[in-house]
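Down below is the structure, laid out as structure tokens.
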Amino acid sequence: MNVLLASAGPSAYWYLTRSTGAVALVLLTFAIALGVIDVRRLSSPRWPRFVVDSLHRNVSLLAMVFLVIHILTSVLDSYAPISLLDAFIPFAGSYRPFWLGLGAVAFDLLLAVTITSLLRQRMGFQTWRAIHWLTYASWPIALLHGLGTGSDVKSAWLLALSIACIAIVIAAVLARVIDGWPANLRLRGAALGGAAAFSLFLLLWLPGGPLGSEWARRSGTPASLLGHSHTTTTADGSRR
Amino acid sequence: MSGRLRVNPIACEAHGMCAELLPERITLDEWGYPIVDGERLTPELIDHARRAARACPTFALLLEREEEGA
Amino acid sequence: MSAPPSLTTEAWSLQTPMAAALPRILAGIPDHGAMDLDSHTAVHGPLPPDHKRRRRVESPLIGRIERARLGGRGGAGFPTATKLRAVWSARPPARGRAIVVVNAAEGEPASLKDRTLCESLPHLVLDGGELAAQAVGADELIVCVCESASASIRAISAAIAERDRPGGARARVRLVAVPSHYVAGQESALVNHLNGGPAKPTFTPPMIFEQGVRRRPTLVNNAETLAHIALIARHGSDWFRQLGTPAQPGSALITLSGPVAHPGVYEIEHGASLPSLIEAAGGTTAGVRGALLGGYAGSWIGKELMHGLALSNEHLAAHGASLGAGVVLLLSEDACPVAETARVARWLASESTGQCGPCVNGLDALAHTVEEIASGMAASRATQRIARLSSLVRRRGACGHPDGAVNFILSAFETFAPDFQDHARHGRCEACVSAELPLPVRMRDTAAAHELARAS
């Protein structure tokens with residue numbers, strides 16, 4: 001039955017999981033940008049402080065909503081063998097274990113951030129802030145997860161979207177690091193170094209990685225799903 | 001149900017959201033710190049005051065509840 | 001009266017029609033070193049025993065202190081019995097037994113009385129601490145002394161060791177050094193420091209008497225207050241009220257400094273006149289412009305008002321002043337009140353702990369404006385700026401520091417108005433170069449100089 005279903009083509013869940021994943025990443029990008037605008041206290045008469053702050057909180061929560069839908073649909077979808085546990089416990093799954101696992105890591109980090117922010121009143125400010133900074137770590141992990149597991153990576157729109165998000169996050173990190181320079185120089189240096197290293201890594205890895213040939217096999221897609229002619233979109237936009 | 005507003009001046013870091021959300025009772029001094037009118041809040045303002053207190057990033061704005069006729 | 005031998009300690013009876021029984025606190029004070037336990041017991045008698053009472057029954061000592069109308073000697077003058085009662089009532093068993101903190105931090109530069117008590121009469125202070133501990137059901141006594149007061153640290157440590165014998169102190173006693181900052185002696189700052197935090201005030205609630213050191217009900221009393229308690233416990237409230245005024249009975253330690261022959265710590269009865277205190281100190285050595293009462297959070301009294309001034313809070317209130325921490329600072333005519341005010345205002349701004357925006361910014365702006373006026377570079381509306389900043393700063397900090405600074409500056413403006421106007425118009429005067437009012441660095445120099453003089 002499963003084989004039949006598989007050969008019938010991807011379900012609505014599969015499309016949903018890909019689209020909500022992309023949306024979650026975009027929302028997370030905006031959440032980070034808004035977070036930096038918030039902490040830098042940028043505002044205008046039309047965009048007062050409380051609006052920026054509320055937007056940051058609400059966009060973040062919306063990102064989590066899409067993230068949850070992304071996870072549920074990937075579990076419900078029968079094409080790829082992903083269990084609910086794989087969303088929390090990284091690297092234990094059977095579908096592209098490493099790249100899927102990165103998603104679990106990102107999700108765990110964001111869960112910690114979300115829960116501590118909702119219960120912010122009950123903890124010290126320094127503790128809350130230290131955990132909140134995990135967002136900066138979760139974003140590149142989420143991006144790598146998307147690039148590693150996503151089936152649309154080679155498509156122009158997703159690449160363009162990813163590049164735009166990367167640019168926004170790098171700009172946000174720069175804006176955050178400059179504020180209060182040169183206090184805590186070590187931490188700022190580490191942040192800049194991390195951003196630079198990550199960007200360099202992407203440049204070196206992407207062409208031979210997800211954008212290269214046979215990525216599906218190399219990334220750990222189960223053999224039973226390989227070579228299966230389900231609908232994909234090639235770089236030139238034509239369907240096969 | 002009524003209440004009064006109070007600022008914890010140590011926690012306050014002059015974000016200024018409180019003054020945006022409750023200009024009737026909170027103004028900012030020349031350094032961005034809130035000057036809070038400590039008078040009892042009217043019923044129309046209580047919800048706004050609650051929102052202002054919740055919006056403060058450092059929980060410096062405190063809404064102290066008072067029962068009517070206490 | 002014998003010649004006063006040293007800088008710090010003298011006791012002079014200032015006679016009034018009522019039976020004078022000074023010296024009280026300063027009775028038997030040694031010229032050098034600390035009074036040991038045996039001498040202390042010889043002069044004052046043994047520590048009154050703690051009579052067993054039922055668990056919920058209030059100690060009779062609290063009632064005695066209430067009848068004596070003892071007020072805190074740290075500056076605020078808060079009724080001591082009320083404080084004791086608050087701590088006593090706050091101790092549900094779950095929260096643990098209370099803790100008593102002896103506040104001898106004395107961050108006020110112009111005050112030497114607590115240092116004197118710790119250096120020379122440590123047992124009187126420790127008696128008071130122990131009695132207070134019994135009254136509030138505390139099992140721990142912490143003596144807080146300024147970290148730079150090495151003689152106090154030595155004397156208190158030795159006294160604690162002396163009392164550590166079978167049947168001796170019932171509460172655990174320990175000595176803790178605190179930073180010498182101005183605000184470090186504030187109650188919540190002290191408790192913060194004892195809890196491992198910085199010596200900076202905290203936001204209340206929770207109140208110290210409910211949740212202080214290690215979240216236990218905490219009683220913080222000034223060292224002199226406890227010394228008075230030690231005597232009230234022995235001699236009773238009627239004895240205490242034989243001196244002083246009906247509203248403010250008893251005696252008090254005053255640190256008198258400035259252009260007098262023998263500056264130092266004096267014990268007076270409340271209501272004694274300022275001229276009699278000055279006379280007891282050997283009279284003035286220069287013309288006097290005015291007197292600062294209470295310390296750097298206090299108020300100025302112009303020279304015209306000094307003659308009939310009685311040293312008790314009810315009398316001083318009419319002039320907008322109070323005794324505060326028992327500081328009387330005379331300003332000589334050689335000094336410039338405007339320059340001195342600017343110096344102290346700048347110091348007060350630098351002593352802000354930096355926790356509250358209105359204080360950090362406001363005191364800095366105030367100091368800057370006073371400095372501008374002092375140098376004649378003031379903008380035309382400088383005086384209005386002072387008034388506006390003062391109202392902006394009052395009651396917007398977590399502690400009373402900004403309020404005290406504002407009080408000091410505004411009172412200087414009022415008392416020395418002609419001088420301020422003159423400076424605003426014409427700039428600095430010849431007296432501006434003098435730096436008379438003691439600020440911490442200068443204070444150490446003065447003390448060192450006197451040590452040298454005494455040794456030679």
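Chain labels A, B, ... are given in the sequence in which chains occur in the structure tokens; within each chain residues are numbered consecutively from 1, and ligands are likewise numbered from 1 in the order shown.
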
Fewer than 6 positions away in the same chain doesn't count, so skip those; otherwise give me all residues within 10 Å of Ile35 (chain B), counting only C-alpha atoms, as a PDB file with N, CA and C atoms, in the first residue's frame.
```pdb
ATOM      1  N   ARG B   6       3.685  52.293  39.195  1.00  0.00           N
ATOM      2  CA  ARG B   6       4.943  52.576  39.883  1.00  0.00           C
ATOM      3  C   ARG B   6       6.075  52.098  39.015  1.00  0.00           C
ATOM      4  N   VAL B   7       7.198  52.818  39.047  1.00  0.00           N
ATOM      5  CA  VAL B   7       8.352  52.394  38.264  1.00  0.00           C
ATOM      6  C   VAL B   7       9.420  51.836  39.187  1.00  0.00           C
ATOM      7  N   ALA B  19       5.471  55.180  27.900  1.00  0.00           N
ATOM      8  CA  ALA B  19       4.974  56.525  27.592  1.00  0.00           C
ATOM      9  C   ALA B  19       4.207  56.531  26.281  1.00  0.00           C
ATOM     10  N   ARG B  25      -0.695  59.256  31.524  1.00  0.00           N
ATOM     11  CA  ARG B  25      -0.127  59.197  32.868  1.00  0.00           C
ATOM     12  C   ARG B  25       1.383  59.120  32.886  1.00  0.00           C
ATOM     13  N   ILE B  26       1.996  58.898  31.739  1.00  0.00           N
ATOM     14  CA  ILE B  26       3.450  58.732  31.717  1.00  0.00           C
ATOM     15  C   ILE B  26       4.061  59.650  30.673  1.00  0.00           C
ATOM     16  N   THR B  27       5.024  60.444  31.128  1.00  0.00           N
ATOM     17  CA  THR B  27       5.802  61.245  30.178  1.00  0.00           C
ATOM     18  C   THR B  27       7.274  60.910  30.381  1.00  0.00           C
ATOM     19  N   LEU B  28       8.072  61.261  29.400  1.00  0.00           N
ATOM     20  CA  LEU B  28       9.491  60.963  29.494  1.00  0.00           C
ATOM     21  C   LEU B  28      10.266  62.236  29.806  1.00  0.00           C
ATOM     22  N   ASP B  29      11.255  62.112  30.688  1.00  0.00           N
ATOM     23  CA  ASP B  29      12.094  63.271  30.970  1.00  0.00           C
ATOM     24  C   ASP B  29      13.129  63.425  29.850  1.00  0.00           C
TER      25      ASP B  29
ATOM     26  N   PRO C 358      17.347  58.755  36.348  1.00  0.00           N
ATOM     27  CA  PRO C 358      17.178  60.120  36.846  1.00  0.00           C
ATOM     28  C   PRO C 358      18.303  60.554  37.782  1.00  0.00           C
ATOM     29  N   LEU C 392      12.888  67.298  38.953  1.00  0.00           N
ATOM     30  CA  LEU C 392      12.912  66.137  38.060  1.00  0.00           C
ATOM     31  C   LEU C 392      13.572  64.928  38.716  1.00  0.00           C
ATOM     32  N   VAL C 393      14.451  65.224  39.687  1.00  0.00           N
ATOM     33  CA  VAL C 393      15.271  64.165  40.258  1.00  0.00           C
ATOM     34  C   VAL C 393      14.675  63.598  41.542  1.00  0.00           C
ATOM     35  N   ARG C 396      12.809  59.941  42.361  1.00  0.00           N
ATOM     36  CA  ARG C 396      12.768  59.083  41.185  1.00  0.00           C
ATOM     37  C   ARG C 396      13.930  58.111  41.163  1.00  0.00           C
TER      38      ARG C 396
END
```

**OP:** Specify as a list of chain:residue names all residues of chain B found within 12 Å of chain A, counting only C-alpha atoms.
**Re:**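 Here they are: B:Ala11, B:Glu13, B:Ala14, B:His15, B:Gly16, B:Met17, B:Cys18, B:Ala19, B:Glu20, B:Leu21, B:Leu22, B:Gly32, B:Arg51, B:Ala52, B:Ala53, B:Arg54, B:Ala55, B:Cys56, B:Pro57, B:Thr58, B:Phe59, B:Ala60.
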
Keeping only C-alpha atoms, take the residues you just selected and write them out as a short mmCIF file (atom, residue, chain, number, x, y, z; two decimals), in the first residue's frame.
```cif
data_model
loop_
_atom_site.label_atom_id
_atom_site.label_comp_id
_atom_site.auth_asym_id
_atom_site.auth_seq_id
_atom_site.Cartn_x
_atom_site.Cartn_y
_atom_site.Cartn_z
CA ALA B 11 15.12 47.91 36.26
CA GLU B 13 16.33 51.26 30.96
CA ALA B 14 14.42 54.06 29.27
CA HIS B 15 12.91 52.06 26.45
CA GLY B 16 9.99 54.44 26.49
CA MET B 17 7.23 52.06 25.44
CA CYS B 18 5.22 52.86 28.53
CA ALA B 19 4.97 56.52 27.59
CA GLU B 20 3.85 55.57 24.09
CA LEU B 21 1.09 53.35 25.43
CA LEU B 22 -0.14 55.51 28.29
CA GLY B 32 14.17 59.21 28.25
CA ARG B 51 -0.84 46.76 28.47
CA ALA B 52 1.87 49.32 29.16
CA ALA B 53 3.14 47.28 32.08
CA ARG B 54 3.20 44.14 29.97
CA ALA B 55 5.02 45.90 27.15
CA CYS B 56 7.96 46.97 29.30
CA PRO B 57 10.97 44.89 28.18
CA THR B 58 12.50 44.93 31.64
CA PHE B 59 9.32 44.64 33.71
CA ALA B 60 10.11 47.98 35.30
#
```

Original post:
Got a sec: who's within 7 Å of Leu61 (chain C), counting only C-alpha atoms, leaving out chain neighbours fewer than 3 positions off, as number ranges by chain?
Top reply: C: 64-65, 135, 233

Original post:
Got a sec: who's within 9 Å of Gly38 (chain B), counting only C-alpha atoms, leaving out chain neighbours fewer than 2 positions off, as a list in words?
Top reply: Arg4, Leu5, Arg6, Arg25, Val36, Arg40 and Leu41 of chain B

Subject >> All helix (DSSP H, G or I) positions in chain B, as a PyMOL selection string >> reply: chain B and resi 17-21+43-55

Subject >> Polymer residues at most 8 Å from Ser257 (chain C), only C-alpha atoms, same-chain spacing of 3 or more positions, as a VMD selection string >> reply: chain C and resid 110 260 263 to 264 328 to 330

Subject >> Close residues, Ser332 (chain C) itself excluded, 6 Å, only C-alpha atoms, min 6 positions apart in chain, as JSON, numbers by chain >> reply: {"C": [287, 288, 289]}

Could you write out the selected residues, including C-alpha atoms, as a PDB file, in the first residue's frame?
```pdb
ATOM      1  CA  GLY C 287      35.050  83.649  61.025  1.00  0.00           C
ATOM      2  CA  VAL C 288      32.201  81.344  60.142  1.00  0.00           C
ATOM      3  CA  ARG C 289      29.890  81.727  57.167  1.00  0.00           C
TER       4      ARG C 289
END
```

Subject >> Residues of chain B in strand (DSSP E), written as a list in words >> reply: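 Going through chain B, the strand (DSSP E) residues come out as Ser2, Gly3, Arg4, Leu5, Arg6, Val7, Ile26, Thr27, Leu28, Pro34, Ile35, Val36, Leu61, Leu62, Leu63, Glu64, Arg65 and Glu66 of chain B.
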
Mind dumping the selected residues with C-alpha atoms as a tab-separated table (two decimals), in the first residue's frame?
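Okay, again-v2.tsv is ready:
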```tsv
chain	number	residue	atom	x	y	z
B	2	SER	CA	-8.40	50.10	40.39
B	3	GLY	CA	-4.70	50.55	40.70
B	4	ARG	CA	-1.65	52.73	40.63
B	5	LEU	CA	1.44	52.69	38.51
B	6	ARG	CA	4.94	52.58	39.88
B	7	VAL	CA	8.35	52.39	38.26
B	26	ILE	CA	3.45	58.73	31.72
B	27	THR	CA	5.80	61.24	30.18
B	28	LEU	CA	9.49	60.96	29.49
B	34	PRO	CA	9.51	57.83	32.67
B	35	ILE	CA	7.80	60.28	34.97
B	36	VAL	CA	4.81	58.37	36.24
B	61	LEU	CA	6.56	49.30	35.15
B	62	LEU	CA	4.44	47.87	37.91
B	63	LEU	CA	0.70	48.00	38.17
B	64	GLU	CA	-0.31	47.77	41.78
B	65	ARG	CA	-3.88	46.66	42.12
B	66	GLU	CA	-6.28	48.10	44.61
```

Original post:
Got a sec: who's within 8 Å of Thr245 (chain C), counting only C-alpha atoms, leaving out chain neighbours fewer than 5 positions off, as a list in words?
Top reply: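 Near neighbours after the sequence-gap exclusion: Gly250, His270, Gly271 and Ser312 of chain C.
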
**OP:** Report the distance between CA of Ser411 (chain C) and CA of Ser391 (chain C) in Å, rounded to one decimal place.
**Re:**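 Between these atoms lies a distance of 13.9 Å.
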
**OP:** Have a look at C:Val220, C:Leu363, C:Ala34, C:Ile142 and name the one nearest to His401 (chain C); count only C-alpha atoms.
**Re:**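 For His401 (chain C), the nearest of the given residues is C:Leu363.
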
**OP:** May I have the residues of chain C within 12 Å of chain B, counting only C-alpha atoms, written as an MDAnalysis selection string?
**Re:** chainID C and resid 200:205 353:362 364:365 388:389 391:399

Subject >> Pairwise distance for CA of Glu130 (chain C) and CA of Ala171 (chain C), rounded to one decimal in Å >> reply: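 Answer for the CA of Glu130 (chain C) to CA of Ala171 (chain C) separation: 6.8 Å.
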